[in-house]
Amino acid sequence: MQISFKGQDGIVKAEAQILNGNLWIHFNGQTRMIEPEISGRRKGKSAASSGTEIMAPMPGKVTKILIAKGQSVRKGDALVVMEAMKMEYTLKSDIDSEILEIKCEWGQQVNLGQLLVQMKPLALKPTAEEK
Amino acid sequence: MKFKRIAIANRGEVAVRIIKACEELGIETVLLHSEVDINSRAYRMATKCICIGPAPTASSYLNIEANIKGALAAEAEAIHPGFGFLSENADFAEAVVKAGMIFIGPSADSIRKLGDKVNCKELAKLANLPLVPGYEGEDQSVSKLIGEAERIGFPVIVKAAAGGGGRGMKLLTSVKGARDLIESAQREAQAAFGSAKVFLEKYLDHAKHIEFQVFGDSTGQVVHMFDRECSVQRRHQKIIEEATSISLTEDLRRRMGEAAIAIAKMGNYKGAGTVEFLLQDGEFYLLEVNTRLQVEHPVTEMVLGVDLVKAQILTAQGEFVFDVKQVRIPKGHAIECRVYAENPFLGGVPSTGVLGKVHWPEGPGRRFEFGFDEGDTITSYYDPMIAKVIVWDENRPRAIQKMIRVLKDSIVFGVHTNIPYLIEILSHKEFIMGAMTTRFIETFFADPIKPLELNAEEKSLIQHAWRIAKQGGSSKAETSATSSWNANPFSSFWRGV
């Protein structure tokens, strides 16, 4: 629907629509999606990984799992490869950690925000190169 | 001969483009679609629709037998493959002919000669056309490929032999990590084109991507229809294309055009095709030939005043299309932006879902190619390109200015799009100067763009919008508080009065 708003420099025209509980709004040449502010709700990117939890950043297919349960990984190591819209995306670890649980399988279709890998932070000894 | 009915072995905006050309020529259309693509414009527009299989491309859009069966069942006389999917598949072109139909494109033989990148290079060598150093041998073992990459000298690019459009393409910068990248390229190539075959090429690190539109008519004459510049690429996928390139001198344009015609003629080319080059330090190298209509064909249409899809169909009917004089002088400047369903603030991760309001701001010199309307679903099964915005103006600076305005006024709700990203690219000094190379994106846009901070006024506008939108815009008291036209369902009637 069209909305006009009396701003300081005159009328601002906007187009707005609520879809799946979020507000989509277009004004001043930009489109934004605004999530409702609910108290207690985790703020920000609900689908992004949080360091120890690797979530699917988009819906798609798991095409490769590069780690095993109990394995320790370094920051930047590739964990899972996903495919969506015909492109491959590699999910990497943000931290040095140990793999606690792998919650996905090869070829599995996963949803946005679905938990794929559970990890535990680990203080790894520097490798020979780093010494 | 005139076609009564054409089958379309494609989806999305290109299917819509083909349907429109057919409608204008008085030809009926049959859309060969997957199970999930019933929520799309092409499905609603086609004369007839035939479901050829489930969502995964291997069972539907890449399934030769299913496409042929569908087209025969609908009694189509010809098949238009669009771009991507089976458009450059010689076996498909052959199967269409074998089934007694006409393939709208070059012959299977031409596709094998020119479309297969390895064969194309052999032809180019025979014609003494300049090529980028590389490896295109039959030995596809990863260790052999790594060895060849070292011989060519890093950086080296891995490409799908049967592919195009950036799929199955990876950049190797050193031996380290090369194995993973090659394997990944082979998997992507297999998934996207049904063949894991790859080849290697030296990566030119400050080259421009310049391509020539070629067209072979029914008499065997091959003309070039000038050039396009597509240097703005991300992950080897084009984002912004222009016609004509501002990087070519008269002399370069003539020589590259002649090279394009030469290679097309060697493959007995018929219909629309594109010869791609890299241009670095005033030297050009033949990259590949795309034996199909190109995604960015509209920019050529805008500067030359032609309709390439109609020309393809007319040529397939055996009719003569262009007088050479007609395509001799390009006029003004055209730019195309590809609108992708992705979140530019999260590094371009795909965004899927049901579309809300969609609005494209029509106007002079503006063209919108889109495959989906409000209520349609964008799935994760297919390419993220949901629309193309094309503008034409008298010169490049005005075309850029127009494109920015048009993108700002375009509305897509329900999925995130790269529109803010496109606007930032178009506003970048390097792009405005026309100095961009194929490394433009990785150099200047390596990190996700940041959303603009909301000011106090915008924040209160959003609060206001929440209140009205939740009430479905029915509250008169709310609306009259700020303006008499607020959220009025009839307000659009008053626009421009």
# chains A, B, ... in the order shown; residues from 1 in each chain; ligands from 1
call {"tool": "residues_around", "arguments": {"residues": "Val309 in chain B", "least_positions_apart": "5", "cutoff": "8 Å", "atoms": "only C-alpha atoms", "output": "JSON list (two decimals) with C-alpha atoms, in the first residue's frame"}}
result
[["chain", "number", "residue", "atom", "x", "y", "z"],
["B", 17, "ARG", "CA", 10.90, -12.84, -23.82],
["B", 18, "ILE", "CA", 10.40, -15.70, -26.31],
["B", 21, "ALA", "CA", 8.33, -12.49, -29.77],
["B", 293, "LEU", "CA", 21.03, -16.03, -27.50]]
call {"tool": "residues_around", "arguments": {"residues": "Glu83 in chain A", "least_positions_apart": "5", "cutoff": "9 Å", "atoms": "only C-alpha atoms", "output": "list in words"}}
result
Pro59, Gly60, Lys61, Val62, Thr63, Glu88, Tyr89 and Thr90 of chain A; Ser380 of chain B
call {"tool": "closest_atom_pairs", "arguments": {"of": "range 350-399 of chain B", "to": "range 294-308 of chain B", "cutoff": "9 Å", "atoms": "only C-alpha atoms", "output": "JSON lines"}}
result
{"residue": "B:Gly365", "atom": "CA", "partner": "B:Met302", "partner_atom": "CA", "distance": 8.5}
{"residue": "B:Arg367", "atom": "CA", "partner": "B:Pro298", "partner_atom": "CA", "distance": 8.7}
{"residue": "B:Lys388", "atom": "CA", "partner": "B:Glu296", "partner_atom": "CA", "distance": 8.7}
{"residue": "B:Ile390", "atom": "CA", "partner": "B:Val299", "partner_atom": "CA", "distance": 7.0}
{"residue": "B:Val391", "atom": "CA", "partner": "B:Val299", "partner_atom": "CA", "distance": 8.1}
{"residue": "B:Trp392", "atom": "CA", "partner": "B:Met302", "partner_atom": "CA", "distance": 6.5}
call {"tool": "interface_residues", "arguments": {"of": "chain A", "to": "chain B", "cutoff": "7 Å", "atoms": "only C-alpha atoms", "output": "list in words"}}
result
Met1, Gln2, Ile3, Ser4, Phe5, Lys6, Gly7, Ala16, Gln17, Ile18, Leu19, Leu23, Trp24, His26, Gly29, Gln30, Thr31, Pro57, Met58, Pro59, Gly60, Ala84, Met85 and Lys86 of chain A
call {"tool": "atom_distance", "arguments": {"atom1": "CA of Glu336 in chain B", "atom2": "CA of Thr47 in chain B"}}
result
28.7 Å
call {"tool": "select_by_dssp", "arguments": {"residues": "range 101-177 of chain B", "states": "helix (DSSP H, G or I)", "output": "PyMOL selection string"}}
result
chain B and resi 108-115+117-126+142-152
call {"tool": "residues_around", "arguments": {"residues": "Thr249 in chain B", "least_positions_apart": "4", "cutoff": "12 Å", "atoms": "only C-alpha atoms", "output": "compact mmCIF listing (two decimals) with all heavy atoms, in the first residue's frame"}}
result
# COMPACT_ATOMS: atom_id res chain seq x y z
N ASP B 227 29.56 -4.61 -30.48
CA ASP B 227 30.15 -5.19 -29.28
C ASP B 227 29.35 -4.83 -28.03
O ASP B 227 28.57 -3.89 -28.00
CB ASP B 227 31.57 -4.65 -29.13
CG ASP B 227 31.62 -3.15 -29.37
OD1 ASP B 227 31.56 -2.72 -30.54
OD2 ASP B 227 31.66 -2.39 -28.37
N THR B 244 27.55 0.27 -26.80
CA THR B 244 28.73 -0.50 -27.14
C THR B 244 29.81 -0.23 -26.09
O THR B 244 29.62 0.62 -25.24
CB THR B 244 29.23 -0.09 -28.53
OG1 THR B 244 29.39 1.33 -28.54
CG2 THR B 244 28.23 -0.42 -29.61
N SER B 245 30.94 -0.92 -26.21
CA SER B 245 32.02 -0.71 -25.24
C SER B 245 32.67 0.64 -25.48
O SER B 245 32.87 1.04 -26.62
CB SER B 245 33.07 -1.80 -25.39
OG SER B 245 34.23 -1.44 -24.67
N ARG B 253 37.90 -2.25 -32.90
CA ARG B 253 36.53 -2.70 -33.16
C ARG B 253 36.48 -3.42 -34.51
O ARG B 253 35.85 -4.47 -34.63
CB ARG B 253 35.58 -1.51 -33.11
CG ARG B 253 34.13 -1.88 -33.34
CD ARG B 253 33.18 -0.75 -32.97
NE ARG B 253 32.93 -0.72 -31.53
CZ ARG B 253 33.04 0.37 -30.77
NH1 ARG B 253 33.40 1.52 -31.32
NH2 ARG B 253 32.80 0.32 -29.48
N ARG B 254 37.17 -2.86 -35.49
CA ARG B 254 37.18 -3.47 -36.83
C ARG B 254 37.86 -4.84 -36.78
O ARG B 254 37.33 -5.84 -37.25
CB ARG B 254 37.90 -2.55 -37.81
CG ARG B 254 37.87 -3.03 -39.26
CD ARG B 254 38.64 -2.09 -40.18
NE ARG B 254 40.01 -1.82 -39.72
CZ ARG B 254 41.03 -2.67 -39.84
NH1 ARG B 254 40.85 -3.82 -40.41
NH2 ARG B 254 42.23 -2.36 -39.36
N ARG B 255 39.05 -4.90 -36.14
CA ARG B 255 39.79 -6.16 -36.11
C ARG B 255 39.08 -7.25 -35.30
O ARG B 255 39.03 -8.41 -35.70
CB ARG B 255 41.20 -5.91 -35.53
CG ARG B 255 42.14 -5.29 -36.58
CD ARG B 255 43.35 -4.62 -35.95
NE ARG B 255 44.04 -5.46 -35.00
CZ ARG B 255 44.66 -5.00 -33.89
NH1 ARG B 255 44.64 -3.70 -33.62
NH2 ARG B 255 45.29 -5.81 -33.10
N MET B 256 38.52 -6.84 -34.15
CA MET B 256 37.81 -7.83 -33.33
C MET B 256 36.53 -8.30 -34.04
O MET B 256 36.20 -9.50 -34.02
CB MET B 256 37.47 -7.25 -31.96
CG MET B 256 38.72 -7.02 -31.10
SD MET B 256 38.38 -6.09 -29.58
CE MET B 256 37.75 -7.38 -28.52
N GLY B 257 35.85 -7.38 -34.69
CA GLY B 257 34.64 -7.73 -35.44
C GLY B 257 34.96 -8.72 -36.55
O GLY B 257 34.23 -9.70 -36.77
N LEU B 279 40.33 -8.27 -23.48
CA LEU B 279 41.14 -7.20 -24.04
C LEU B 279 42.04 -6.67 -22.93
O LEU B 279 41.57 -6.23 -21.89
CB LEU B 279 40.22 -6.08 -24.55
CG LEU B 279 40.90 -4.80 -25.06
CD1 LEU B 279 41.61 -5.05 -26.38
CD2 LEU B 279 39.86 -3.69 -25.23
N GLY B 282 45.60 -3.30 -25.01
CA GLY B 282 45.44 -3.11 -26.45
C GLY B 282 45.51 -4.38 -27.27
O GLY B 282 45.40 -4.35 -28.49
N GLU B 283 45.69 -5.55 -26.59
CA GLU B 283 45.72 -6.83 -27.29
C GLU B 283 44.44 -7.59 -26.96
O GLU B 283 44.00 -7.60 -25.82
CB GLU B 283 46.91 -7.69 -26.82
CG GLU B 283 48.28 -7.10 -27.10
CD GLU B 283 48.65 -7.15 -28.57
OE1 GLU B 283 48.19 -8.09 -29.26
OE2 GLU B 283 49.36 -6.24 -29.02
call {"tool": "residues_around", "arguments": {"residues": "range 138-140 of chain B", "least_positions_apart": "6", "cutoff": "12 Å", "atoms": "only C-alpha atoms", "output": "MDAnalysis selection string"}}
result
chainID B and resid 118:119 146:148 158 160:161 182:183 185:186 195:200
call {"tool": "write_last_selection", "arguments": {"atoms": "N, CA, C and O atoms", "output": "PDB file, in the first residue's frame"}}
result
ATOM      1  N   VAL B 118      36.913 -26.462 -26.251  1.00  0.00           N
ATOM      2  CA  VAL B 118      38.161 -27.080 -26.693  1.00  0.00           C
ATOM      3  C   VAL B 118      38.231 -27.116 -28.228  1.00  0.00           C
ATOM      4  O   VAL B 118      39.211 -26.691 -28.838  1.00  0.00           O
ATOM      5  N   ASN B 119      37.135 -27.567 -28.854  1.00  0.00           N
ATOM      6  CA  ASN B 119      37.097 -27.590 -30.318  1.00  0.00           C
ATOM      7  C   ASN B 119      37.229 -26.193 -30.899  1.00  0.00           C
ATOM      8  O   ASN B 119      37.887 -25.983 -31.924  1.00  0.00           O
ATOM      9  N   ILE B 146      46.645 -30.035 -12.177  1.00  0.00           N
ATOM     10  CA  ILE B 146      47.483 -29.195 -11.318  1.00  0.00           C
ATOM     11  C   ILE B 146      48.846 -28.977 -11.981  1.00  0.00           C
ATOM     12  O   ILE B 146      49.374 -27.864 -12.024  1.00  0.00           O
ATOM     13  N   GLY B 147      49.396 -30.055 -12.553  1.00  0.00           N
ATOM     14  CA  GLY B 147      50.677 -29.962 -13.247  1.00  0.00           C
ATOM     15  C   GLY B 147      50.623 -28.969 -14.399  1.00  0.00           C
ATOM     16  O   GLY B 147      51.526 -28.140 -14.578  1.00  0.00           O
ATOM     17  N   GLU B 148      49.531 -29.037 -15.180  1.00  0.00           N
ATOM     18  CA  GLU B 148      49.382 -28.127 -16.317  1.00  0.00           C
ATOM     19  C   GLU B 148      49.232 -26.683 -15.843  1.00  0.00           C
ATOM     20  O   GLU B 148      49.732 -25.754 -16.474  1.00  0.00           O
ATOM     21  N   VAL B 158      39.998 -22.322 -14.022  1.00  0.00           N
ATOM     22  CA  VAL B 158      39.432 -23.616 -14.418  1.00  0.00           C
ATOM     23  C   VAL B 158      38.034 -23.363 -14.944  1.00  0.00           C
ATOM     24  O   VAL B 158      37.252 -22.668 -14.295  1.00  0.00           O
ATOM     25  N   ALA B 160      34.417 -25.000 -17.113  1.00  0.00           N
ATOM     26  CA  ALA B 160      33.668 -26.157 -17.612  1.00  0.00           C
ATOM     27  C   ALA B 160      33.717 -26.151 -19.133  1.00  0.00           C
ATOM     28  O   ALA B 160      33.396 -25.132 -19.753  1.00  0.00           O
ATOM     29  N   ALA B 161      34.110 -27.277 -19.738  1.00  0.00           N
ATOM     30  CA  ALA B 161      34.226 -27.328 -21.204  1.00  0.00           C
ATOM     31  C   ALA B 161      32.865 -27.162 -21.865  1.00  0.00           C
ATOM     32  O   ALA B 161      32.765 -26.589 -22.938  1.00  0.00           O
ATOM     33  N   ILE B 182      39.597 -27.420  -8.101  1.00  0.00           N
ATOM     34  CA  ILE B 182      39.379 -28.168  -9.348  1.00  0.00           C
ATOM     35  C   ILE B 182      38.218 -29.152  -9.165  1.00  0.00           C
ATOM     36  O   ILE B 182      37.322 -29.241  -9.997  1.00  0.00           O
ATOM     37  N   GLU B 183      38.217 -29.850  -8.012  1.00  0.00           N
ATOM     38  CA  GLU B 183      37.137 -30.809  -7.752  1.00  0.00           C
ATOM     39  C   GLU B 183      35.786 -30.106  -7.682  1.00  0.00           C
ATOM     40  O   GLU B 183      34.792 -30.592  -8.211  1.00  0.00           O
ATOM     41  N   ALA B 185      35.017 -27.302  -9.173  1.00  0.00           N
ATOM     42  CA  ALA B 185      34.669 -26.896 -10.543  1.00  0.00           C
ATOM     43  C   ALA B 185      34.084 -28.083 -11.308  1.00  0.00           C
ATOM     44  O   ALA B 185      33.100 -27.941 -12.035  1.00  0.00           O
ATOM     45  N   GLN B 186      34.671 -29.261 -11.104  1.00  0.00           N
ATOM     46  CA  GLN B 186      34.174 -30.456 -11.808  1.00  0.00           C
ATOM     47  C   GLN B 186      32.766 -30.818 -11.340  1.00  0.00           C
ATOM     48  O   GLN B 186      31.916 -31.163 -12.146  1.00  0.00           O
ATOM     49  N   SER B 195      28.366 -32.564 -17.749  1.00  0.00           N
ATOM     50  CA  SER B 195      29.702 -33.051 -18.096  1.00  0.00           C
ATOM     51  C   SER B 195      30.712 -32.425 -17.152  1.00  0.00           C
ATOM     52  O   SER B 195      30.720 -31.219 -16.949  1.00  0.00           O
ATOM     53  N   ALA B 196      31.578 -33.265 -16.569  1.00  0.00           N
ATOM     54  CA  ALA B 196      32.546 -32.762 -15.587  1.00  0.00           C
ATOM     55  C   ALA B 196      33.830 -32.251 -16.244  1.00  0.00           C
ATOM     56  O   ALA B 196      34.745 -31.810 -15.570  1.00  0.00           O
ATOM     57  N   LYS B 197      33.874 -32.293 -17.566  1.00  0.00           N
ATOM     58  CA  LYS B 197      35.101 -31.921 -18.278  1.00  0.00           C
ATOM     59  C   LYS B 197      35.430 -30.433 -18.074  1.00  0.00           C
ATOM     60  O   LYS B 197      34.578 -29.560 -18.247  1.00  0.00           O
ATOM     61  N   VAL B 198      36.690 -30.183 -17.719  1.00  0.00           N
ATOM     62  CA  VAL B 198      37.117 -28.800 -17.517  1.00  0.00           C
ATOM     63  C   VAL B 198      38.363 -28.519 -18.360  1.00  0.00           C
ATOM     64  O   VAL B 198      39.000 -29.435 -18.864  1.00  0.00           O
ATOM     65  N   PHE B 199      38.697 -27.248 -18.514  1.00  0.00           N
ATOM     66  CA  PHE B 199      39.961 -26.890 -19.147  1.00  0.00           C
ATOM     67  C   PHE B 199      40.578 -25.724 -18.391  1.00  0.00           C
ATOM     68  O   PHE B 199      39.930 -25.107 -17.539  1.00  0.00           O
ATOM     69  N   LEU B 200      41.832 -25.458 -18.665  1.00  0.00           N
ATOM     70  CA  LEU B 200      42.550 -24.416 -17.932  1.00  0.00           C
ATOM     71  C   LEU B 200      42.918 -23.268 -18.866  1.00  0.00           C
ATOM     72  O   LEU B 200      43.130 -23.460 -20.061  1.00  0.00           O
TER      73      LEU B 200
END
call {"tool": "closest_residue", "arguments": {"among": "A:Ser97, A:Gln109, A:Gln118, A:Thr52", "to": "Met82 in chain A", "atoms": "only C-alpha atoms"}}
result
A:Gln109
call {"tool": "residues_around", "arguments": {"residues": "range 318-322 of chain B", "least_positions_apart": "5", "cutoff": "8 Å", "atoms": "only C-alpha atoms", "output": "list in words"}}
result
Met1, Asp217, Ser218, Thr219, Ala311 and Val327 of chain B
call {"tool": "atom_distance", "arguments": {"atom1": "CA of Asp251 in chain B", "atom2": "CA of Val223 in chain B"}}
result
17.5 Å
call {"tool": "atom_distance", "arguments": {"atom1": "CA of Ala95 in chain B", "atom2": "CA of Phe212 in chain B"}}
result
28.8 Å
call {"tool": "select_by_dssp", "arguments": {"residues": "range 43-203 of chain B", "states": "strand (DSSP E)", "output": "ChimeraX atom specification"}}
result
/B:48-53,78-80,102-103,134-135,156-160,170-172,198-202
call {"tool": "residues_around", "arguments": {"residues": "His236 in chain B", "least_positions_apart": "3", "cutoff": "12 Å", "atoms": "only C-alpha atoms", "output": "list in words"}}
result
Met87 of chain A; Ile157, Val158, Lys159, Gly164, Gly165, Gly166, Arg167, Gly168, Met169, Lys170, Leu171, Tyr203, His209, Cys230, Ser231, Val232, Gln233, Ile239, Ile240, Thr437, Thr438, Arg439, Phe440, Ile441 and Glu442 of chain B
call {"tool": "decode", "arguments": {"residues": "range 66-92 of chain A", "atoms": "N, CA, C and O atoms", "output": "PDB file, in the first residue's frame"}}
result
ATOM      1  N   LEU A  66      33.047 -31.778   5.071  1.00  0.00           N
ATOM      2  CA  LEU A  66      34.501 -31.910   5.038  1.00  0.00           C
ATOM      3  C   LEU A  66      35.102 -32.249   6.396  1.00  0.00           C
ATOM      4  O   LEU A  66      36.310 -32.274   6.565  1.00  0.00           O
ATOM      5  N   ILE A  67      34.248 -32.478   7.383  1.00  0.00           N
ATOM      6  CA  ILE A  67      34.722 -32.686   8.741  1.00  0.00           C
ATOM      7  C   ILE A  67      34.069 -33.932   9.339  1.00  0.00           C
ATOM      8  O   ILE A  67      33.108 -34.443   8.804  1.00  0.00           O
ATOM      9  N   ALA A  68      34.620 -34.388  10.449  1.00  0.00           N
ATOM     10  CA  ALA A  68      34.036 -35.533  11.141  1.00  0.00           C
ATOM     11  C   ALA A  68      33.842 -35.157  12.601  1.00  0.00           C
ATOM     12  O   ALA A  68      34.509 -34.248  13.121  1.00  0.00           O
ATOM     13  N   LYS A  69      32.942 -35.857  13.263  1.00  0.00           N
ATOM     14  CA  LYS A  69      32.675 -35.626  14.680  1.00  0.00           C
ATOM     15  C   LYS A  69      33.964 -35.842  15.478  1.00  0.00           C
ATOM     16  O   LYS A  69      34.705 -36.795  15.221  1.00  0.00           O
ATOM     17  N   GLY A  70      34.225 -34.927  16.393  1.00  0.00           N
ATOM     18  CA  GLY A  70      35.394 -35.062  17.249  1.00  0.00           C
ATOM     19  C   GLY A  70      36.652 -34.421  16.680  1.00  0.00           C
ATOM     20  O   GLY A  70      37.647 -34.260  17.387  1.00  0.00           O
ATOM     21  N   GLN A  71      36.598 -34.043  15.425  1.00  0.00           N
ATOM     22  CA  GLN A  71      37.758 -33.443  14.769  1.00  0.00           C
ATOM     23  C   GLN A  71      37.954 -32.013  15.272  1.00  0.00           C
ATOM     24  O   GLN A  71      36.995 -31.318  15.584  1.00  0.00           O
ATOM     25  N   SER A  72      39.226 -31.569  15.374  1.00  0.00           N
ATOM     26  CA  SER A  72      39.415 -30.157  15.684  1.00  0.00           C
ATOM     27  C   SER A  72      39.721 -29.396  14.398  1.00  0.00           C
ATOM     28  O   SER A  72      40.406 -29.902  13.514  1.00  0.00           O
ATOM     29  N   VAL A  73      39.175 -28.208  14.320  1.00  0.00           N
ATOM     30  CA  VAL A  73      39.369 -27.391  13.120  1.00  0.00           C
ATOM     31  C   VAL A  73      39.912 -26.031  13.514  1.00  0.00           C
ATOM     32  O   VAL A  73      39.735 -25.571  14.644  1.00  0.00           O
ATOM     33  N   ARG A  74      40.579 -25.391  12.561  1.00  0.00           N
ATOM     34  CA  ARG A  74      41.114 -24.059  12.794  1.00  0.00           C
ATOM     35  C   ARG A  74      40.191 -23.009  12.191  1.00  0.00           C
ATOM     36  O   ARG A  74      39.403 -23.294  11.302  1.00  0.00           O
ATOM     37  N   LYS A  75      40.329 -21.819  12.678  1.00  0.00           N
ATOM     38  CA  LYS A  75      39.573 -20.695  12.143  1.00  0.00           C
ATOM     39  C   LYS A  75      39.835 -20.621  10.627  1.00  0.00           C
ATOM     40  O   LYS A  75      40.992 -20.687  10.201  1.00  0.00           O
ATOM     41  N   GLY A  76      38.774 -20.509   9.849  1.00  0.00           N
ATOM     42  CA  GLY A  76      38.920 -20.402   8.403  1.00  0.00           C
ATOM     43  C   GLY A  76      38.853 -21.728   7.678  1.00  0.00           C
ATOM     44  O   GLY A  76      38.781 -21.767   6.452  1.00  0.00           O
ATOM     45  N   ASP A  77      38.866 -22.847   8.428  1.00  0.00           N
ATOM     46  CA  ASP A  77      38.768 -24.159   7.782  1.00  0.00           C
ATOM     47  C   ASP A  77      37.367 -24.356   7.195  1.00  0.00           C
ATOM     48  O   ASP A  77      36.369 -23.971   7.799  1.00  0.00           O
ATOM     49  N   ALA A  78      37.326 -24.984   6.022  1.00  0.00           N
ATOM     50  CA  ALA A  78      36.043 -25.261   5.378  1.00  0.00           C
ATOM     51  C   ALA A  78      35.367 -26.423   6.104  1.00  0.00           C
ATOM     52  O   ALA A  78      36.015 -27.408   6.449  1.00  0.00           O
ATOM     53  N   LEU A  79      34.061 -26.291   6.367  1.00  0.00           N
ATOM     54  CA  LEU A  79      33.329 -27.326   7.098  1.00  0.00           C
ATOM     55  C   LEU A  79      32.337 -28.057   6.207  1.00  0.00           C
ATOM     56  O   LEU A  79      32.329 -29.272   6.134  1.00  0.00           O
ATOM     57  N   VAL A  80      31.498 -27.277   5.547  1.00  0.00           N
ATOM     58  CA  VAL A  80      30.410 -27.848   4.763  1.00  0.00           C
ATOM     59  C   VAL A  80      30.307 -27.069   3.463  1.00  0.00           C
ATOM     60  O   VAL A  80      30.515 -25.853   3.441  1.00  0.00           O
ATOM     61  N   VAL A  81      30.018 -27.784   2.370  1.00  0.00           N
ATOM     62  CA  VAL A  81      29.779 -27.104   1.098  1.00  0.00           C
ATOM     63  C   VAL A  81      28.294 -27.238   0.775  1.00  0.00           C
ATOM     64  O   VAL A  81      27.725 -28.325   0.861  1.00  0.00           O
ATOM     65  N   MET A  82      27.681 -26.102   0.455  1.00  0.00           N
ATOM     66  CA  MET A  82      26.259 -26.109   0.087  1.00  0.00           C
ATOM     67  C   MET A  82      26.091 -25.643  -1.338  1.00  0.00           C
ATOM     68  O   MET A  82      26.932 -24.932  -1.868  1.00  0.00           O
ATOM     69  N   GLU A  83      24.978 -26.035  -1.939  1.00  0.00           N
ATOM     70  CA  GLU A  83      24.673 -25.551  -3.277  1.00  0.00           C
ATOM     71  C   GLU A  83      23.266 -24.982  -3.267  1.00  0.00           C
ATOM     72  O   GLU A  83      22.337 -25.595  -2.745  1.00  0.00           O
ATOM     73  N   ALA A  84      23.137 -23.766  -3.787  1.00  0.00           N
ATOM     74  CA  ALA A  84      21.810 -23.175  -3.955  1.00  0.00           C
ATOM     75  C   ALA A  84      21.860 -22.324  -5.199  1.00  0.00           C
ATOM     76  O   ALA A  84      22.873 -21.708  -5.504  1.00  0.00           O
ATOM     77  N   MET A  85      20.784 -22.294  -5.928  1.00  0.00           N
ATOM     78  CA  MET A  85      20.700 -21.533  -7.168  1.00  0.00           C
ATOM     79  C   MET A  85      21.896 -21.834  -8.061  1.00  0.00           C
ATOM     80  O   MET A  85      22.469 -20.967  -8.688  1.00  0.00           O
ATOM     81  N   LYS A  86      22.300 -23.095  -8.066  1.00  0.00           N
ATOM     82  CA  LYS A  86      23.350 -23.586  -8.966  1.00  0.00           C
ATOM     83  C   LYS A  86      24.746 -23.072  -8.632  1.00  0.00           C
ATOM     84  O   LYS A  86      25.668 -23.211  -9.410  1.00  0.00           O
ATOM     85  N   MET A  87      24.928 -22.434  -7.479  1.00  0.00           N
ATOM     86  CA  MET A  87      26.245 -21.966  -7.097  1.00  0.00           C
ATOM     87  C   MET A  87      26.654 -22.693  -5.817  1.00  0.00           C
ATOM     88  O   MET A  87      25.819 -23.038  -5.000  1.00  0.00           O
ATOM     89  N   GLU A  88      27.957 -22.894  -5.665  1.00  0.00           N
ATOM     90  CA  GLU A  88      28.463 -23.537  -4.455  1.00  0.00           C
ATOM     91  C   GLU A  88      28.869 -22.498  -3.415  1.00  0.00           C
ATOM     92  O   GLU A  88      29.428 -21.465  -3.755  1.00  0.00           O
ATOM     93  N   TYR A  89      28.591 -22.785  -2.178  1.00  0.00           N
ATOM     94  CA  TYR A  89      29.017 -21.911  -1.089  1.00  0.00           C
ATOM     95  C   TYR A  89      29.715 -22.756  -0.036  1.00  0.00           C
ATOM     96  O   TYR A  89      29.203 -23.796   0.356  1.00  0.00           O
ATOM     97  N   THR A  90      30.880 -22.304   0.415  1.00  0.00           N
ATOM     98  CA  THR A  90      31.611 -23.055   1.414  1.00  0.00           C
ATOM     99  C   THR A  90      31.418 -22.383   2.763  1.00  0.00           C
ATOM    100  O   THR A  90      31.651 -21.181   2.899  1.00  0.00           O
ATOM    101  N   LEU A  91      30.955 -23.139   3.741  1.00  0.00           N
ATOM    102  CA  LEU A  91      30.783 -22.592   5.084  1.00  0.00           C
ATOM    103  C   LEU A  91      32.050 -22.890   5.875  1.00  0.00           C
ATOM    104  O   LEU A  91      32.490 -24.035   5.950  1.00  0.00           O
ATOM    105  N   LYS A  92      32.648 -21.841   6.446  1.00  0.00           N
ATOM    106  CA  LYS A  92      33.914 -22.002   7.149  1.00  0.00           C
ATOM    107  C   LYS A  92      33.748 -21.732   8.643  1.00  0.00           C
ATOM    108  O   LYS A  92      32.795 -21.085   9.058  1.00  0.00           O
TER     109      LYS A  92
END
